[in-house]
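One structure is given below, encoded as structure tokens.
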Number of protein chains: 2
Amino acid sequence: MKFASSLVLLTEALRKLPGVGPKSAQRMAYHLMQHDREGASLLGHALLQAIEKIRHCARCNTFTESEVCETCLDPERDSRLLCVVETPADQLMIEQTMTYKGLYFILMGRLSPLDGIGPKDIHLDKLMQRAADGVVAEVVLATNFTNEGEATAHYISETLKTRGLKVTRLARGVPVGGELEYVDAGTIARAMLDRRAT
Amino acid sequence: MKFASSLVLLTEALRKLPGVGPKSAQRMAYHLMQHDREGASLLGHALLQAIEKIRHCARCNTFTESEVCETCLDPERDSRLLCVVETPADQLMIEQTMTYKGLYFILMGRLSPLDGIGPKDIHLDKLMQRAADGVVAEVVLATNFTNEGEATAHYISETLKTRGLKVTRLARGVPVGGELEYVDAGTIARAMLDRRAT
């Protein structure tokens, strides 16, 4: 007995999604083909469109459809402040606290030597160039307070300080071991206000 | 601050997958755009191809790319036996036991009045027509041994018996409450051999 080949291909392709194993992939494929072909079509087109349109902001490195993202172009923002975060989700959490009006740099990851993720993979060259534009006066490190996030912050801090930049870190209001994305906005607001020199 | 619109669309489309909530969808979207655009492209094309090609076998109702699936066309199979299962995954498990050489009918679901799934949704008209072809002598009910699967088996059994067909059920070698897809092949083999009249 053989399954239809396009169904086998779909099941295998669904395993490309993080956290999806063989059984889940099979269930997803059956579900889409049996109960939600419209959803499958929507997802198929959304994937192809995103690949085509999404690129990285030339300044802050976030996902965008233009050369430079809307946040970087916003004239209301304080361009002397640059906040470094791991992901766009972390950036969104900080925005929601309403305590920060500067600009951002998104690493799109964190240093993780065990997984082979080094300074190049988190775009540190781009960050150094960005921070050395002559306008940025303070870099606020807002990587996660996990071991890897702390190590990343330490590494960036050491590198930036040799270039004479003021570097601060979110205060330890954020619980140790916590990930920004899941912390309540009040805690992050407190940590933003208490940021300290490193 | 706004996310790129094609990224928002992708995140929403990923929520069409069963078991994927807003946070998972966001992580999946970031992961694909940051680390696996090739996988995203593969998945996008696989989805659109599957929608275009996959339909239901005219005889057994499984997913296929032709009018009638390979299993139904196999001349080696005993066309006097018809085994009724809930999903193609269940059919695959039975095939792996090597204890059954007849044909299949795949319901693509089970009766579930609470979810509004009635006889029409599990294609019972098609099953009745299929079972009444004059060749089928025995219908083996192999729906899951959950409450819904048992109720489905009971309903099908009552309907078929009024038409004078012999109806059997997999023996209770399968643990009560278990789902075929997750039971070991040995247990299913035992149950297939011990099938009993209902």
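If you're wondering about the labels, chains in the structure tokens are A, B, ... by order shown, residues count from 1 in each chain, ligands from 1 in order shown.
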**Message:** Would you mind listing, as JSON, numbers by chain, all residues of chain B that have at least one atom within 7 Å of chain A, where only C-alpha atoms are what counts?
**Reply:** {"B": [1, 4, 6, 7, 9, 10, 13, 14, 16, 17, 18, 28, 33, 37, 39, 40, 41, 42, 43, 44, 45, 46, 47, 48, 49, 50, 51, 63, 64, 65, 71]}
Residues as selected, N, CA, C and O atoms, written as a tab-separated table (two decimals), in the first residue's frame, can you do that?
```tsv
chain	number	residue	atom	x	y	z
B	1	MET	N	5.03	50.68	16.07
B	1	MET	CA	5.84	49.67	15.39
B	1	MET	C	4.94	48.63	14.73
B	1	MET	O	4.02	48.10	15.33
B	4	ALA	N	6.16	43.56	9.19
B	4	ALA	CA	5.95	43.48	7.74
B	4	ALA	C	4.66	42.70	7.47
B	4	ALA	O	4.42	41.66	8.08
B	6	SER	N	3.50	40.82	5.07
B	6	SER	CA	3.52	39.42	4.60
B	6	SER	C	3.92	38.48	5.74
B	6	SER	O	3.57	37.30	5.74
B	7	LEU	N	4.63	39.02	6.74
B	7	LEU	CA	4.98	38.21	7.91
B	7	LEU	C	3.75	38.01	8.80
B	7	LEU	O	3.54	36.92	9.36
B	9	LEU	N	0.67	38.01	7.71
B	9	LEU	CA	-0.18	37.07	6.98
B	9	LEU	C	0.30	35.63	7.16
B	9	LEU	O	-0.49	34.71	7.35
B	10	LEU	N	1.62	35.45	7.09
B	10	LEU	CA	2.18	34.11	7.25
B	10	LEU	C	1.88	33.56	8.64
B	10	LEU	O	1.48	32.42	8.80
B	13	ALA	N	-1.67	32.55	8.81
B	13	ALA	CA	-1.92	31.35	8.01
B	13	ALA	C	-1.42	30.09	8.72
B	13	ALA	O	-2.05	29.03	8.65
B	14	LEU	N	-0.30	30.22	9.46
B	14	LEU	CA	0.24	29.05	10.17
B	14	LEU	C	-0.72	28.58	11.26
B	14	LEU	O	-0.70	27.42	11.65
B	16	LYS	N	-3.70	28.04	10.89
B	16	LYS	CA	-4.65	27.10	10.30
B	16	LYS	C	-4.25	25.66	10.60
B	16	LYS	O	-5.06	24.75	10.46
B	17	LEU	N	-2.97	25.45	10.97
B	17	LEU	CA	-2.52	24.10	11.29
B	17	LEU	C	-3.08	23.67	12.63
B	17	LEU	O	-3.08	24.46	13.58
B	18	PRO	N	-3.57	22.43	12.74
B	18	PRO	CA	-4.14	21.99	14.01
B	18	PRO	C	-3.09	21.99	15.12
B	18	PRO	O	-1.96	21.55	14.90
B	28	MET	N	7.32	29.81	14.38
B	28	MET	CA	7.50	29.09	13.12
B	28	MET	C	7.82	30.06	11.99
B	28	MET	O	8.71	29.82	11.18
B	33	MET	N	11.66	32.20	8.07
B	33	MET	CA	12.23	33.36	7.37
B	33	MET	C	13.70	33.54	7.69
B	33	MET	O	14.49	33.97	6.86
B	37	ARG	N	14.47	29.23	4.57
B	37	ARG	CA	13.62	29.70	3.46
B	37	ARG	C	13.42	28.61	2.43
B	37	ARG	O	12.39	28.55	1.78
B	39	GLY	N	13.10	25.45	3.15
B	39	GLY	CA	12.02	24.63	3.70
B	39	GLY	C	10.68	25.30	3.51
B	39	GLY	O	9.69	24.65	3.21
B	40	ALA	N	10.64	26.62	3.68
B	40	ALA	CA	9.39	27.35	3.52
B	40	ALA	C	8.89	27.25	2.08
B	40	ALA	O	7.70	27.05	1.82
B	41	SER	N	9.82	27.34	1.14
B	41	SER	CA	9.47	27.24	-0.26
B	41	SER	C	8.95	25.84	-0.58
B	41	SER	O	7.93	25.65	-1.24
B	42	LEU	N	9.66	24.84	-0.04
B	42	LEU	CA	9.26	23.44	-0.22
B	42	LEU	C	7.85	23.23	0.30
B	42	LEU	O	6.99	22.65	-0.37
B	43	LEU	N	7.59	23.74	1.50
B	43	LEU	CA	6.27	23.56	2.12
B	43	LEU	C	5.20	24.30	1.33
B	43	LEU	O	4.11	23.77	1.09
B	44	GLY	N	5.51	25.51	0.91
B	44	GLY	CA	4.54	26.29	0.12
B	44	GLY	C	4.13	25.55	-1.15
B	44	GLY	O	2.94	25.40	-1.44
B	45	HIS	N	5.12	25.06	-1.87
B	45	HIS	CA	4.80	24.35	-3.11
B	45	HIS	C	4.11	23.03	-2.84
B	45	HIS	O	3.20	22.63	-3.57
B	46	ALA	N	4.53	22.32	-1.77
B	46	ALA	CA	3.91	21.03	-1.45
B	46	ALA	C	2.43	21.21	-1.13
B	46	ALA	O	1.59	20.41	-1.53
B	47	LEU	N	2.10	22.29	-0.42
B	47	LEU	CA	0.70	22.57	-0.08
B	47	LEU	C	-0.13	22.81	-1.34
B	47	LEU	O	-1.19	22.21	-1.52
B	48	LEU	N	0.38	23.67	-2.21
B	48	LEU	CA	-0.40	24.00	-3.41
B	48	LEU	C	-0.52	22.79	-4.34
B	48	LEU	O	-1.57	22.57	-4.94
B	49	GLN	N	0.53	22.00	-4.41
B	49	GLN	CA	0.48	20.81	-5.26
B	49	GLN	C	-0.50	19.78	-4.71
B	49	GLN	O	-1.27	19.17	-5.45
B	50	ALA	N	-0.47	19.61	-3.38
B	50	ALA	CA	-1.38	18.63	-2.77
B	50	ALA	C	-2.83	19.03	-2.99
B	50	ALA	O	-3.67	18.19	-3.32
B	51	ILE	N	-3.13	20.33	-2.81
B	51	ILE	CA	-4.51	20.77	-3.02
B	51	ILE	C	-4.95	20.47	-4.44
B	51	ILE	O	-6.08	20.06	-4.70
B	63	PHE	N	-7.21	9.16	0.32
B	63	PHE	CA	-6.57	10.19	-0.48
B	63	PHE	C	-5.84	9.52	-1.64
B	63	PHE	O	-5.11	8.55	-1.44
B	64	THR	N	-6.01	10.04	-2.84
B	64	THR	CA	-5.32	9.47	-3.99
B	64	THR	C	-5.17	10.55	-5.05
B	64	THR	O	-5.81	11.59	-4.98
B	65	GLU	N	-4.31	10.27	-6.03
B	65	GLU	CA	-4.16	11.21	-7.14
B	65	GLU	C	-4.87	10.70	-8.38
B	65	GLU	O	-4.89	11.37	-9.40
B	71	THR	N	-4.47	0.45	-4.01
B	71	THR	CA	-4.91	-0.67	-3.19
B	71	THR	C	-6.18	-1.28	-3.77
B	71	THR	O	-6.31	-2.50	-3.88
```
Might you pull out every residue within 10 Å of region 126-138 of chain B, with only C-alpha atoms counted and same-chain residues fewer than 4 positions away left off, and present them as a short mmCIF file (atom, residue, chain, number, x, y, z; two decimals) with N, CA, C and O atoms, in the first residue's frame?
```
data_model
loop_
_atom_site.label_atom_id
_atom_site.label_comp_id
_atom_site.auth_asym_id
_atom_site.auth_seq_id
_atom_site.Cartn_x
_atom_site.Cartn_y
_atom_site.Cartn_z
N ALA B 58 -12.61 6.76 -5.60
CA ALA B 58 -14.03 6.55 -5.86
C ALA B 58 -14.55 5.30 -5.14
O ALA B 58 -15.74 5.20 -4.84
N ARG B 59 -13.68 4.35 -4.83
CA ARG B 59 -14.12 3.12 -4.19
C ARG B 59 -13.92 3.14 -2.68
O ARG B 59 -14.86 2.90 -1.93
N CYS B 60 -12.71 3.44 -2.21
CA CYS B 60 -12.43 3.29 -0.77
C CYS B 60 -12.38 4.62 -0.03
O CYS B 60 -12.24 4.64 1.19
N ASN B 61 -12.44 5.73 -0.76
CA ASN B 61 -12.51 7.06 -0.14
C ASN B 61 -11.20 7.58 0.41
O ASN B 61 -11.15 8.63 1.04
N ASP B 78 -8.33 -9.84 -1.64
CA ASP B 78 -9.58 -10.58 -1.52
C ASP B 78 -10.74 -9.59 -1.48
O ASP B 78 -11.00 -8.96 -0.45
N SER B 79 -11.46 -9.49 -2.60
CA SER B 79 -12.50 -8.46 -2.68
C SER B 79 -13.77 -8.84 -1.92
O SER B 79 -14.73 -8.08 -1.91
N ARG B 80 -13.76 -10.01 -1.25
CA ARG B 80 -14.94 -10.38 -0.45
C ARG B 80 -14.87 -9.76 0.94
O ARG B 80 -15.83 -9.75 1.68
N LEU B 81 -13.67 -9.27 1.29
CA LEU B 81 -13.48 -8.66 2.62
C LEU B 81 -13.35 -7.14 2.50
O LEU B 81 -12.59 -6.65 1.67
N LEU B 82 -14.07 -6.43 3.34
CA LEU B 82 -13.98 -4.96 3.33
C LEU B 82 -13.76 -4.48 4.76
O LEU B 82 -14.60 -4.69 5.64
N CYS B 83 -12.62 -3.85 5.00
CA CYS B 83 -12.28 -3.38 6.34
C CYS B 83 -12.53 -1.87 6.44
O CYS B 83 -12.03 -1.10 5.62
N VAL B 84 -13.31 -1.47 7.44
CA VAL B 84 -13.66 -0.05 7.60
C VAL B 84 -12.78 0.58 8.67
O VAL B 84 -12.76 0.13 9.82
N GLY B 102 -7.70 -8.21 2.48
CA GLY B 102 -8.90 -7.72 1.80
C GLY B 102 -8.78 -6.27 1.39
O GLY B 102 -7.69 -5.71 1.34
N LEU B 103 -9.92 -5.66 1.12
CA LEU B 103 -9.94 -4.25 0.72
C LEU B 103 -10.36 -3.37 1.90
O LEU B 103 -10.64 -3.87 2.98
N PHE B 105 -12.31 0.48 3.40
CA PHE B 105 -13.09 1.71 3.21
C PHE B 105 -12.65 2.67 4.31
O PHE B 105 -12.63 2.31 5.50
N ILE B 106 -12.27 3.88 3.92
CA ILE B 106 -11.76 4.86 4.89
C ILE B 106 -12.83 5.93 5.13
O ILE B 106 -13.20 6.67 4.22
N LEU B 107 -13.29 6.02 6.37
CA LEU B 107 -14.36 6.95 6.71
C LEU B 107 -13.89 8.40 6.69
O LEU B 107 -14.67 9.31 6.47
N LYS B 120 -23.43 11.60 7.36
CA LYS B 120 -23.07 12.15 6.06
C LYS B 120 -21.60 12.53 5.99
O LYS B 120 -20.93 12.34 4.98
N ILE B 122 -19.09 11.21 7.48
CA ILE B 122 -18.15 10.09 7.37
C ILE B 122 -18.52 9.19 6.19
O ILE B 122 -18.13 8.03 6.14
N ILE B 156 -22.71 1.63 12.15
CA ILE B 156 -22.48 1.00 10.84
C ILE B 156 -22.96 -0.44 10.86
O ILE B 156 -23.60 -0.91 9.91
N THR B 159 -26.73 -0.72 10.59
CA THR B 159 -27.20 -0.37 9.24
C THR B 159 -26.90 -1.49 8.24
O THR B 159 -27.74 -1.84 7.41
N LEU B 160 -25.68 -2.07 8.34
CA LEU B 160 -25.30 -3.11 7.37
C LEU B 160 -26.06 -4.40 7.60
O LEU B 160 -26.40 -5.12 6.66
N ARG B 163 -29.19 -5.03 5.96
CA ARG B 163 -29.07 -5.36 4.54
C ARG B 163 -28.51 -6.76 4.32
O ARG B 163 -28.07 -7.12 3.23
N GLY B 164 -28.46 -7.54 5.43
CA GLY B 164 -28.08 -8.95 5.30
C GLY B 164 -26.60 -9.21 5.12
O GLY B 164 -26.21 -10.29 4.68
N LEU B 165 -25.72 -8.24 5.45
CA LEU B 165 -24.28 -8.47 5.32
C LEU B 165 -23.70 -9.00 6.64
O LEU B 165 -24.17 -8.65 7.71
N LYS B 166 -22.67 -9.83 6.51
CA LYS B 166 -21.97 -10.28 7.71
C LYS B 166 -21.04 -9.16 8.18
O LYS B 166 -20.25 -8.64 7.39
N VAL B 167 -21.18 -8.79 9.45
CA VAL B 167 -20.36 -7.70 9.98
C VAL B 167 -19.53 -8.21 11.16
O VAL B 167 -20.07 -8.83 12.06
N THR B 168 -18.23 -7.97 11.14
CA THR B 168 -17.37 -8.36 12.27
C THR B 168 -16.65 -7.14 12.82
O THR B 168 -16.61 -6.09 12.19
N ALA B 197 -18.28 -11.80 15.34
CA ALA B 197 -19.54 -11.31 14.79
C ALA B 197 -20.18 -10.34 15.77
O ALA B 197 -20.05 -10.50 16.97
#
```
- prompt: Can you list, as a PyMOL selection string, every residue of region 15-115 of chain A that DSSP puts in helix (DSSP H, G or I)?
  reply: chain A and resi 22-35+37-53+70-73+88-97+113-115
#### Entry: Shell around Arg195 (chain A) at 12 Å using only C-alpha atoms, local window under 2 positions removed, as a list in words
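Non-adjacent residues within range: Cys83, Thr99, Tyr100, Glu138, Val139, Val140, Leu141, Ala142, Lys166, Val167, Thr168, Arg169, Leu170, Ala171, Arg172, Gly173, Val174, Ile188, Ala189, Arg190, Ala191, Met192, Leu193, Ala197 and Thr198 of chain A.
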Excluding Pro113 (chain B) and residues on its chain fewer than 4 positions from it, collect all residues at most 12 Å away from it, counting only C-alpha atoms, and give them as a PDB file with N, CA and C atoms, in the first residue's frame.
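Dumped to part_17.pdb:
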```
ATOM      1  N   ILE B 117     -20.648  16.032  13.772  1.00  0.00           N
ATOM      2  CA  ILE B 117     -20.220  15.123  12.710  1.00  0.00           C
ATOM      3  C   ILE B 117     -21.191  13.949  12.633  1.00  0.00           C
ATOM      4  N   GLY B 118     -22.029  13.941  11.615  1.00  0.00           N
ATOM      5  CA  GLY B 118     -23.053  12.916  11.461  1.00  0.00           C
ATOM      6  C   GLY B 118     -22.693  11.911  10.383  1.00  0.00           C
ATOM      7  N   PRO B 119     -23.616  10.966  10.088  1.00  0.00           N
ATOM      8  CA  PRO B 119     -23.372   9.910   9.095  1.00  0.00           C
ATOM      9  C   PRO B 119     -22.924  10.455   7.739  1.00  0.00           C
ATOM     10  N   LYS B 120     -23.425  11.603   7.365  1.00  0.00           N
ATOM     11  CA  LYS B 120     -23.069  12.152   6.056  1.00  0.00           C
ATOM     12  C   LYS B 120     -21.596  12.528   5.988  1.00  0.00           C
ATOM     13  N   ASP B 121     -21.075  13.084   7.119  1.00  0.00           N
ATOM     14  CA  ASP B 121     -19.692  13.558   7.142  1.00  0.00           C
ATOM     15  C   ASP B 121     -18.675  12.424   7.066  1.00  0.00           C
ATOM     16  N   ILE B 122     -19.094  11.212   7.477  1.00  0.00           N
ATOM     17  CA  ILE B 122     -18.151  10.095   7.374  1.00  0.00           C
ATOM     18  C   ILE B 122     -18.519   9.193   6.190  1.00  0.00           C
ATOM     19  N   ASN B 147     -14.779   5.865  22.653  1.00  0.00           N
ATOM     20  CA  ASN B 147     -16.239   5.941  22.702  1.00  0.00           C
ATOM     21  C   ASN B 147     -16.824   6.266  21.335  1.00  0.00           C
ATOM     22  N   GLU B 148     -16.223   7.246  20.671  1.00  0.00           N
ATOM     23  CA  GLU B 148     -16.754   7.655  19.375  1.00  0.00           C
ATOM     24  C   GLU B 148     -16.568   6.585  18.309  1.00  0.00           C
ATOM     25  N   ALA B 151     -19.110   3.829  18.958  1.00  0.00           N
ATOM     26  CA  ALA B 151     -20.450   4.254  18.541  1.00  0.00           C
ATOM     27  C   ALA B 151     -20.563   4.208  17.020  1.00  0.00           C
ATOM     28  N   THR B 152     -19.477   4.614  16.343  1.00  0.00           N
ATOM     29  CA  THR B 152     -19.464   4.573  14.882  1.00  0.00           C
ATOM     30  C   THR B 152     -19.603   3.137  14.385  1.00  0.00           C
TER      31      THR B 152
END
```
